[in-house]
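Have a look at work_35.tsv below; it lists TSV, C-alpha atoms.
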chain	number	residue	atom	x	y	z
A	19	MET	CA	0.00	0.00	0.00
A	20	SER	CA	1.51	3.30	-1.00
A	21	ALA	CA	1.43	6.25	1.38
A	22	PRO	CA	-0.79	9.23	0.64
A	23	ASP	CA	0.92	12.39	-0.51
A	24	ALA	CA	2.35	14.45	2.32
A	25	ASN	CA	0.92	17.93	2.64
A	26	GLY	CA	2.97	19.03	5.60
A	27	GLY	CA	1.69	20.17	8.96
A	28	SER	CA	-1.47	18.94	10.62
A	29	GLY	CA	-4.89	20.15	11.60
A	30	ARG	CA	-8.42	20.15	10.25
A	31	ALA	CA	-9.06	19.75	6.58
A	32	LEU	CA	-9.61	22.94	4.65
A	33	SER	CA	-11.81	21.40	1.97
A	34	PRO	CA	-14.91	23.31	0.82
A	35	SER	CA	-17.93	22.95	3.06
A	36	ALA	CA	-21.47	22.20	1.98
A	37	PRO	CA	-24.10	24.79	2.90
A	38	ASN	CA	-26.43	23.99	5.77
A	39	ASP	CA	-30.20	24.51	5.92
A	40	ARG	CA	-29.77	28.25	6.49
A	41	GLY	CA	-27.49	28.69	3.50
A	42	ARG	CA	-24.34	29.10	5.59
A	43	PRO	CA	-21.33	26.80	5.14
A	44	SER	CA	-21.26	23.88	7.58
A	45	ALA	CA	-18.16	23.15	9.62
A	46	PRO	CA	-15.90	20.65	7.83
A	47	LYS	CA	-16.15	17.10	9.11
A	48	PRO	CA	-13.09	15.71	10.89
A	49	LYS	CA	-11.12	13.40	8.61
A	50	ILE	CA	-9.95	9.97	9.72
A	51	GLY	CA	-7.13	8.03	8.07
A	52	VAL	CA	-6.45	4.34	8.72
A	53	PHE	CA	-2.93	3.13	7.93
A	54	LYS	CA	-1.36	-0.33	7.90
A	55	PHE	CA	2.16	-1.58	8.51
A	56	ALA	CA	3.39	-5.12	9.32
A	57	SER	CA	0.32	-6.87	10.73
A	58	CYS	CA	-2.47	-9.34	10.01
A	59	ASP	CA	-5.20	-6.67	9.45
A	60	GLY	CA	-7.12	-7.96	12.49
A	61	CYS	CA	-7.47	-4.57	14.15
A	62	GLN	CA	-8.71	-2.95	10.95
A	63	LEU	CA	-11.26	-5.74	10.69
A	64	SER	CA	-12.33	-4.90	14.26
A	65	LEU	CA	-13.13	-1.41	13.02
A	66	LEU	CA	-15.17	-2.82	10.15
A	67	ASP	CA	-16.89	-5.18	12.59
A	68	ALA	CA	-18.10	-2.21	14.63
A	69	GLU	CA	-20.83	-1.47	12.06
A	70	ASP	CA	-23.71	-0.79	14.44
A	71	GLU	CA	-21.56	1.08	16.96
A	72	LEU	CA	-20.07	3.32	14.27
A	73	LEU	CA	-23.47	4.46	12.99
A	74	ALA	CA	-23.67	6.98	15.81
A	75	ILE	CA	-20.52	8.82	14.71
A	76	THR	CA	-20.13	8.14	10.99
A	77	GLY	CA	-22.31	11.12	10.15
A	78	ALA	CA	-19.90	13.35	12.03
A	79	VAL	CA	-16.66	12.23	10.34
A	80	ASP	CA	-15.20	11.47	6.94
A	81	ILE	CA	-13.35	8.17	6.56
A	82	ALA	CA	-10.83	9.83	4.31
A	83	TYR	CA	-8.18	7.13	3.90
A	84	PHE	CA	-8.91	3.43	4.54
A	85	PRO	CA	-7.71	1.13	1.73
A	86	GLU	CA	-9.00	-1.93	3.61
A	87	ALA	CA	-12.57	-0.71	3.19
A	88	THR	CA	-12.76	1.69	0.25
A	89	ARG	CA	-11.02	2.72	-2.97
A	90	ALA	CA	-11.85	6.39	-2.41
A	91	VAL	CA	-8.91	8.33	-1.00
A	92	MET	CA	-8.93	11.88	0.34
A	93	LYS	CA	-5.61	13.63	0.77
A	94	GLY	CA	-4.48	14.78	4.20
A	95	PRO	CA	-4.06	16.39	6.56
A	96	TYR	CA	-6.15	14.16	8.83
A	97	ASP	CA	-7.67	14.95	12.20
A	98	ILE	CA	-7.26	11.38	13.47
A	99	GLY	CA	-4.81	8.79	12.20
A	100	LEU	CA	-5.29	5.16	13.25
A	101	VAL	CA	-2.15	3.07	12.71
A	102	GLU	CA	-2.03	-0.73	12.74
A	103	GLY	CA	1.18	-2.73	12.49
A	104	SER	CA	4.84	-2.58	13.47
A	105	ILE	CA	7.84	-1.08	11.71
A	106	THR	CA	9.96	-3.76	10.04
A	107	THR	CA	11.57	-2.06	7.00
A	108	ARG	CA	13.39	1.18	6.28
A	109	HIS	CA	10.58	2.13	3.91
A	110	ASP	CA	8.08	1.81	6.76
A	111	ALA	CA	10.32	3.84	9.07
A	112	ASN	CA	10.27	6.70	6.55
A	113	ARG	CA	6.57	6.34	5.80
A	114	ILE	CA	5.47	6.61	9.45
A	115	GLN	CA	7.28	9.95	9.66
A	116	GLN	CA	5.22	11.18	6.72
A	117	ILE	CA	1.98	9.95	8.27
A	118	ARG	CA	2.82	11.61	11.58
A	119	ARG	CA	3.17	14.96	9.81
A	120	GLN	CA	-0.26	14.50	8.23
A	121	CYS	CA	-2.19	13.61	11.41
A	122	ARG	CA	-3.20	16.01	14.14
A	123	THR	CA	-3.88	13.07	16.50
A	124	LEU	CA	-2.07	9.79	15.95
A	125	VAL	CA	-3.41	6.63	17.61
A	126	THR	CA	-1.76	3.22	17.48
A	127	ILE	CA	-4.14	0.27	17.52
A	128	GLY	CA	-3.28	-3.29	18.43
A	129	ALA	CA	-0.32	-5.28	19.73
A	130	CYS	CA	1.73	-4.88	16.55
A	131	ALA	CA	1.58	-1.09	16.62
A	132	THR	CA	1.94	-0.76	20.41
A	133	ALA	CA	4.43	-3.56	21.14
A	134	GLY	CA	5.94	-4.87	17.92
A	135	GLY	CA	3.48	-7.77	17.62
A	136	ILE	CA	4.10	-11.49	17.42
A	137	GLN	CA	6.67	-10.74	14.71
A	138	ALA	CA	8.84	-9.12	17.40
A	139	LEU	CA	9.85	-12.64	18.47
A	140	ARG	CA	12.52	-12.28	15.79
A	141	ASN	CA	14.12	-9.57	17.93
A	142	TRP	CA	15.81	-12.22	20.07
A	143	LYS	CA	17.31	-14.02	17.07
A	144	ASP	CA	19.36	-13.38	13.92
A	145	VAL	CA	16.86	-12.16	11.33
A	146	ASP	CA	19.30	-12.88	8.50
A	147	GLU	CA	19.21	-16.55	9.46
A	148	PHE	CA	15.41	-16.54	9.12
A	149	VAL	CA	15.62	-14.84	5.73
A	150	ARG	CA	18.10	-17.42	4.45
A	151	ALA	CA	15.93	-20.28	5.69
A	152	VAL	CA	12.66	-19.00	4.23
A	153	TYR	CA	13.55	-17.30	0.93
A	154	ALA	CA	15.23	-18.90	-2.08
A	155	THR	CA	16.85	-15.58	-3.03
A	156	PRO	CA	17.46	-13.78	0.29
A	157	GLN	CA	19.48	-11.03	-1.40
A	158	TYR	CA	16.20	-9.50	-2.59
A	159	ILE	CA	14.80	-9.21	0.94
A	160	SER	CA	15.26	-5.88	2.69
A	161	THR	CA	14.26	-5.82	6.34
A	162	LEU	CA	15.30	-4.37	9.67
A	163	ASP	CA	16.81	-6.46	12.44
A	164	LEU	CA	13.96	-5.55	14.81
A	165	SER	CA	10.18	-5.33	14.66
A	166	THR	CA	9.37	-2.22	16.71
A	167	PRO	CA	6.23	-0.36	17.85
A	168	ILE	CA	5.24	2.94	16.28
A	169	GLU	CA	6.16	4.99	19.36
A	170	GLN	CA	9.83	4.15	18.87
A	171	HIS	CA	9.75	6.15	15.63
A	172	VAL	CA	7.27	9.02	16.11
A	173	ARG	CA	5.25	10.72	18.82
A	174	VAL	CA	2.01	8.84	19.55
A	175	ASP	CA	-0.97	10.55	21.19
A	176	PHE	CA	-2.76	7.42	22.41
A	177	GLU	CA	-2.22	3.65	22.39
A	178	LEU	CA	-5.08	1.18	22.12
A	179	ARG	CA	-3.89	-2.29	23.07
A	180	GLY	CA	-5.15	-5.74	22.15
A	181	CYS	CA	-4.72	-8.58	19.67
A	182	PRO	CA	-7.09	-7.68	18.22
A	183	ILE	CA	-8.35	-4.48	19.81
A	184	ASN	CA	-11.72	-4.24	21.55
A	185	LYS	CA	-14.05	-2.57	19.04
A	186	HIS	CA	-16.02	-0.84	21.80
A	187	GLN	CA	-12.82	0.75	23.10
A	188	LEU	CA	-12.03	1.91	19.56
A	189	VAL	CA	-15.43	3.55	19.13
A	190	GLU	CA	-15.05	5.19	22.56
A	191	LEU	CA	-11.61	6.46	21.54
A	192	ILE	CA	-12.90	8.02	18.32
A	193	ALA	CA	-15.91	9.58	20.06
A	194	ALA	CA	-13.77	10.99	22.87
A	195	THR	CA	-11.22	12.44	20.45
A	196	LEU	CA	-13.97	14.15	18.47
A	197	ALA	CA	-15.44	15.53	21.71
A	198	GLY	CA	-12.07	16.74	22.94
A	199	ARG	CA	-12.08	14.63	26.11
A	200	LYS	CA	-9.92	11.85	27.52
A	201	PRO	CA	-10.99	8.37	26.32
A	202	ASN	CA	-12.63	6.21	28.97
A	203	VAL	CA	-10.39	3.20	28.42
A	204	PRO	CA	-9.51	1.21	31.58
A	205	ALA	CA	-5.94	0.94	32.79
A	206	TYR	CA	-6.54	-1.86	35.31
A	207	SER	CA	-5.75	-5.55	34.89
A	208	VAL	CA	-7.73	-8.55	33.65
A	209	CYS	CA	-8.16	-9.62	37.29
A	210	LEU	CA	-10.79	-6.92	37.80
A	211	GLU	CA	-12.68	-8.19	34.76
A	212	CYS	CA	-12.60	-11.67	36.30
A	213	LYS	CA	-14.03	-10.35	39.54
A	214	ARG	CA	-16.81	-8.53	37.71
A	215	ARG	CA	-17.75	-11.76	35.92
A	216	GLY	CA	-17.75	-13.67	39.19
A	217	ASN	CA	-14.90	-15.95	38.11
A	218	VAL	CA	-13.02	-17.96	40.69
A	219	CYS	CA	-9.29	-17.22	40.32
A	220	ILE	CA	-7.84	-20.13	38.39
A	221	THR	CA	-4.36	-19.48	39.76
A	222	VAL	CA	-5.47	-19.60	43.39
A	223	ALA	CA	-8.08	-22.36	43.03
A	224	LYS	CA	-6.47	-24.58	40.40
A	225	GLY	CA	-2.81	-23.58	40.25
A	226	VAL	CA	-3.04	-22.47	36.61
A	227	PRO	CA	-0.35	-19.92	35.63
A	228	CYS	CA	-2.11	-16.78	34.37
A	229	LEU	CA	-0.83	-13.41	33.12
A	230	GLY	CA	-4.09	-11.71	34.13
A	231	PRO	CA	-2.61	-9.84	37.14
A	232	VAL	CA	-0.18	-7.93	34.88
A	233	THR	CA	-2.24	-7.68	31.68
A	234	HIS	CA	-4.28	-4.69	30.51
A	235	ALA	CA	-8.05	-5.18	30.63
A	236	GLY	CA	-10.10	-5.24	27.45
A	237	CYS	CA	-10.92	-8.85	26.61
A	238	GLY	CA	-13.56	-9.36	29.29
A	239	ALA	CA	-11.42	-12.06	30.94
A	240	LEU	CA	-12.14	-14.39	28.03
A	241	CYS	CA	-9.53	-17.10	28.67
A	242	PRO	CA	-9.86	-17.31	32.49
A	243	SER	CA	-13.62	-17.65	32.03
A	244	PHE	CA	-12.88	-20.96	30.27
A	245	ASP	CA	-10.35	-22.10	32.90
A	246	ARG	CA	-7.35	-21.11	30.79
A	247	GLY	CA	-4.62	-18.77	31.90
A	248	CYS	CA	-4.47	-15.29	30.35
A	249	TYR	CA	-2.03	-15.06	27.43
A	250	GLY	CA	-1.42	-11.32	27.78
A	251	CYS	CA	-3.09	-10.34	24.49
A	252	PHE	CA	-3.76	-6.79	25.68
A	253	GLY	CA	-0.21	-6.15	26.83
A	254	PRO	CA	1.04	-4.89	30.17
A	255	MET	CA	-1.24	-2.91	32.44
A	256	GLU	CA	0.01	0.27	34.10
A	257	THR	CA	2.81	-0.47	36.60
A	258	PRO	CA	2.58	-4.29	36.41
A	259	ASN	CA	4.28	-6.23	39.20
A	260	THR	CA	5.87	-8.88	37.01
A	261	THR	CA	8.48	-9.74	39.67
A	262	ALA	CA	5.79	-10.92	42.09
A	263	LEU	CA	4.04	-12.87	39.33
A	264	ILE	CA	7.26	-14.66	38.36
A	265	ALA	CA	7.72	-15.64	42.00
A	266	ARG	CA	4.15	-16.96	42.05
A	267	PHE	CA	4.77	-19.04	38.93
A	268	ARG	CA	7.85	-20.55	40.59
A	269	ALA	CA	5.79	-21.42	43.64
A	270	LEU	CA	3.37	-23.23	41.34
A	271	GLY	CA	6.28	-25.27	39.99
A	272	GLN	CA	6.45	-23.72	36.52
A	273	PRO	CA	10.00	-23.81	35.08
A	274	ASP	CA	11.58	-20.43	34.39
A	275	ASP	CA	11.96	-21.15	30.67
A	276	GLN	CA	8.18	-21.62	30.40
A	277	THR	CA	7.63	-18.38	32.31
A	278	SER	CA	10.00	-16.58	29.95
A	279	ARG	CA	8.08	-17.91	26.93
A	280	ALA	CA	4.76	-16.90	28.53
A	281	PHE	CA	5.80	-13.24	28.37
A	282	ARG	CA	7.01	-13.62	24.76
A	283	GLY	CA	3.67	-13.59	23.04
A	284	PHE	CA	1.68	-10.98	21.19
A	285	ASN	CA	3.22	-8.15	23.23
A	286	ALA	CA	6.72	-9.56	23.65
A	287	TRP	CA	8.54	-6.28	22.90
A	288	ALA	CA	6.49	-4.19	25.35
A	289	TRP	CA	9.12	-3.19	27.90
A	290	PRO	CA	7.52	-4.69	31.08
A	291	PHE	CA	6.95	-8.05	29.36
A	292	ARG	CA	10.37	-7.98	27.66
A	293	LYS	CA	12.10	-7.31	30.97
A	294	ALA	CA	10.08	-10.00	32.75
A	295	SER	CA	10.92	-12.53	30.04
A	296	ASP	CA	14.62	-11.75	30.24
A	297	ASP	CA	14.59	-11.75	34.07
A	298	ALA	CA	12.97	-15.20	34.18
A	299	GLU	CA	15.41	-16.51	31.57
A	300	ARG	CA	18.47	-15.26	33.44
A	301	THR	CA	17.55	-16.77	36.83
Written as structure tokens, how would this file's structure read?
Amino acid sequence: MSAPDANGGSGRALSPSAPNDRGRPSAPKPKIGVFKFASCDGCQLSLLDAEDELLAITGAVDIAYFPEATRAVMKGPYDIGLVEGSITTRHDANRIQQIRRQCRTLVTIGACATAGGIQALRNWKDVDEFVRAVYATPQYISTLDLSTPIEQHVRVDFELRGCPINKHQLVELIAATLAGRKPNVPAYSVCLECKRRGNVCITVAKGVPCLGPVTHAGCGALCPSFDRGCYGCFGPMETPNTTALIARFRALGQPDDQTSRAFRGFNAWAWPFRKASDDAERT
């Protein structure tokens, strides 16, 4: 997907406005651009899946750039830019700089954009070795050594975590941004979602290792509700106590190498999970 032409600066679109019922020009609608980097498109599909929820705000915005959903493209600048995917090539590293200049508010959506994604597992290995093993002509492959989140390349105004994201949180984010208020997106852990559902703690009651105590809420405690430990799909919560959780896993008899791998999932390159993984591996 090629990047839209850069227009420099940011702010509201200055396109002509249609007259309202009184013959006066209406205020221009805020423009939203949706951009993709290295990812599976799951978070963009979450946006498309929010059909009913989006009806309340679609009349107030223009989906100006969204190749996943439409062939129509409106040039920037954009009021809100939603970015899915991680940075894995030099071309992408340059392109995200261009997109940042076009967007007044830049929001990263999903584990790839906020934490490097599952593809960040390559960050612990020699990427050239992978290229040689997979491609018949590796000399034609141009890639970076690391898969990194968007915030390591440009300033990000808000991060929406998840693999994939929670569509209700996405709609709340868009509505809040349009209203000029702080999004009502929780910062607590999956444990609180378990309590609200009336779940018995599977770690306490059944000795099942679970990342819920250090993972950002958003999934509705899906896995623990089916007696499975949380996989950390929504990334680290604010100030997670991973040291205490590692100690708990040891008390349950889980080997440290399994604990290290548990933190190397969808959000492996998020700093709290990366540090916890390395700490468990070293001890």
Here CA of Ala235 (chain A) and CA of Leu196 (chain A) stand apart by 23.6 Å
May I have the residues within 12 Å of Cys228 (chain A) as a short mmCIF file (atom, residue, chain, number, x, y, z; two decimals) with C-alpha atoms, in the coordinates of the input, using only C-alpha atoms and disregarding those fewer than 2 positions away in the same chain?
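Below is the file that was written, around.cif:
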data_model
loop_
_atom_site.label_atom_id
_atom_site.label_comp_id
_atom_site.auth_asym_id
_atom_site.auth_seq_id
_atom_site.Cartn_x
_atom_site.Cartn_y
_atom_site.Cartn_z
CA SER A 207 -5.75 -5.55 34.89
CA VAL A 208 -7.73 -8.55 33.65
CA CYS A 209 -8.16 -9.62 37.29
CA CYS A 212 -12.60 -11.67 36.30
CA CYS A 219 -9.29 -17.22 40.32
CA ILE A 220 -7.84 -20.13 38.39
CA THR A 221 -4.36 -19.48 39.76
CA VAL A 222 -5.47 -19.60 43.39
CA ALA A 223 -8.08 -22.36 43.03
CA LYS A 224 -6.47 -24.58 40.40
CA GLY A 225 -2.81 -23.58 40.25
CA VAL A 226 -3.04 -22.47 36.61
CA GLY A 230 -4.09 -11.71 34.13
CA PRO A 231 -2.61 -9.84 37.14
CA VAL A 232 -0.18 -7.93 34.88
CA THR A 233 -2.24 -7.68 31.68
CA ALA A 239 -11.42 -12.06 30.94
CA CYS A 241 -9.53 -17.10 28.67
CA PRO A 242 -9.86 -17.31 32.49
CA SER A 243 -13.62 -17.65 32.03
CA ASP A 245 -10.35 -22.10 32.90
CA ARG A 246 -7.35 -21.11 30.79
CA GLY A 247 -4.62 -18.77 31.90
CA CYS A 248 -4.47 -15.29 30.35
CA TYR A 249 -2.03 -15.06 27.43
CA GLY A 250 -1.42 -11.32 27.78
CA CYS A 251 -3.09 -10.34 24.49
CA THR A 260 5.87 -8.88 37.01
CA LEU A 263 4.04 -12.87 39.33
CA ILE A 264 7.26 -14.66 38.36
CA ARG A 266 4.15 -16.96 42.05
CA PHE A 267 4.77 -19.04 38.93
CA LEU A 270 3.37 -23.23 41.34
CA GLN A 272 6.45 -23.72 36.52
CA THR A 277 7.63 -18.38 32.31
CA ALA A 280 4.76 -16.90 28.53
CA PHE A 281 5.80 -13.24 28.37
#
Surrounding residues of Lys47 (chain A) excluding itself and chain neighbours under 4 positions, 7 Å, all atoms listed in the file, as a VMD selection string:
chain A and resid 78 to 80
Can I get the selection written as a PDB file, keeping the file's coordinate frame, with C-alpha atoms?
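Saved file out.pdb follows:
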ATOM      1  CA  ALA A  78     -19.900  13.350  12.030  1.00  0.00           C
ATOM      2  CA  VAL A  79     -16.660  12.230  10.340  1.00  0.00           C
ATOM      3  CA  ASP A  80     -15.200  11.470   6.940  1.00  0.00           C
TER       4      ASP A  80
END
Compile a residue-level contact table for region 157-271 of chain A against region 114-137 of chain A at a cut-off of 6 Å, reporting for every qualifying residue the shortest atom pair and its distance in Å to one decimal, with only C-alpha atoms counted, rows ordered by chain and ascending number, as a Markdown table.
| residue | atom | partner | partner_atom | distance |
| --- | --- | --- | --- | --- |
| A:Ser165 | CA | A:Gly134 | CA | 5.4 |
| A:Thr166 | CA | A:Gly134 | CA | 4.5 |
| A:Pro167 | CA | A:Gly134 | CA | 4.5 |
| A:Ile168 | CA | A:Ala131 | CA | 5.5 |
| A:Val174 | CA | A:Leu124 | CA | 5.5 |
| A:Asp175 | CA | A:Leu124 | CA | 5.4 |
| A:Phe176 | CA | A:Val125 | CA | 4.9 |
| A:Glu177 | CA | A:Thr126 | CA | 5.0 |
| A:Leu178 | CA | A:Ile127 | CA | 4.8 |
| A:Arg179 | CA | A:Gly128 | CA | 4.8 |
| A:Gly180 | CA | A:Gly128 | CA | 4.8 |
| A:Cys181 | CA | A:Ala129 | CA | 5.5 |
| A:Pro182 | CA | A:Gly128 | CA | 5.8 |
| A:Ile183 | CA | A:Gly128 | CA | 5.4 |
Write to file, as an mmCIF file, in the coordinates of the input, the residues of the selection just made, with C-alpha atoms.
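As written to disk, again13.cif reads:
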data_model
loop_
_atom_site.group_PDB
_atom_site.id
_atom_site.type_symbol
_atom_site.label_atom_id
_atom_site.label_comp_id
_atom_site.auth_asym_id
_atom_site.auth_seq_id
_atom_site.Cartn_x
_atom_site.Cartn_y
_atom_site.Cartn_z
ATOM 1 C CA SER A 165 10.180 -5.330 14.660
ATOM 2 C CA THR A 166 9.370 -2.220 16.710
ATOM 3 C CA PRO A 167 6.230 -0.360 17.850
ATOM 4 C CA ILE A 168 5.240 2.940 16.280
ATOM 5 C CA VAL A 174 2.010 8.840 19.550
ATOM 6 C CA ASP A 175 -0.970 10.550 21.190
ATOM 7 C CA PHE A 176 -2.760 7.420 22.410
ATOM 8 C CA GLU A 177 -2.220 3.650 22.390
ATOM 9 C CA LEU A 178 -5.080 1.180 22.120
ATOM 10 C CA ARG A 179 -3.890 -2.290 23.070
ATOM 11 C CA GLY A 180 -5.150 -5.740 22.150
ATOM 12 C CA CYS A 181 -4.720 -8.580 19.670
ATOM 13 C CA PRO A 182 -7.090 -7.680 18.220
ATOM 14 C CA ILE A 183 -8.350 -4.480 19.810
#
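With CA of Lys54 (chain A) on one side and CA of Glu190 (chain A) on the other, the separation reads 20.8 Å.
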Can you sort out the box for region 47-56 of chain A, edges along x, y and z, all listed atoms in, 3 Å on every side, with centre and edge lengths in Å to one decimal, as JSON?
{"center_x": -6.4, "center_y": 6.0, "center_z": 9.4, "size_x": 25.5, "size_y": 28.2, "size_z": 9.0}
Atomic separation - CA of Val172 (chain A) relative to CA of Phe284 (chain A), Å:
21.4 Å
Tell me, as an NGL selection string, which residues lie within 12 Å of Arg279 (chain A), counting all atoms listed in the file; anything in the same chain fewer than 3 positions away does not count.
:A and (139 or 142 or 229 or 249-250 or 264 or 272-276 or 282-286 or 291-292 or 294-299)
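Distances here use all atoms listed in the file; by that measure, the residue among A:Pro290, A:Pro48, A:Pro95, A:Pro204 closest to Thr257 (chain A) is A:Pro290.
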Extract, using only C-alpha atoms, all DNA, RNA and protein residues at most 12 Å from Gly77 (chain A), discarding same-chain residues fewer than 4 positions from it, and format them as an MDAnalysis selection string.
chainID A and resid 46:49 72:73 81 193
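With all atoms listed in the file as the basis for measurement, A:His186 is the residue among A:Ala56, A:Arg150, A:Pro85, A:His186 that approaches Glu69 (chain A) most closely.
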Please identify all polymer residues within 7 Å of Tyr83 (chain A), counting only C-alpha atoms, omitting same-chain residues fewer than 4 positions from it, and present them as a list in words.
Ile50, Gly51, Val52, Val91 and Met92 of chain A
Around (-15.6, -3.4, 11.7) in the file's frame, which residues reach within 12 Å when counting all atoms listed in the file? Return as a ChimeraX atom specification?
/A:59-73,84,86-87,182-186,188-189
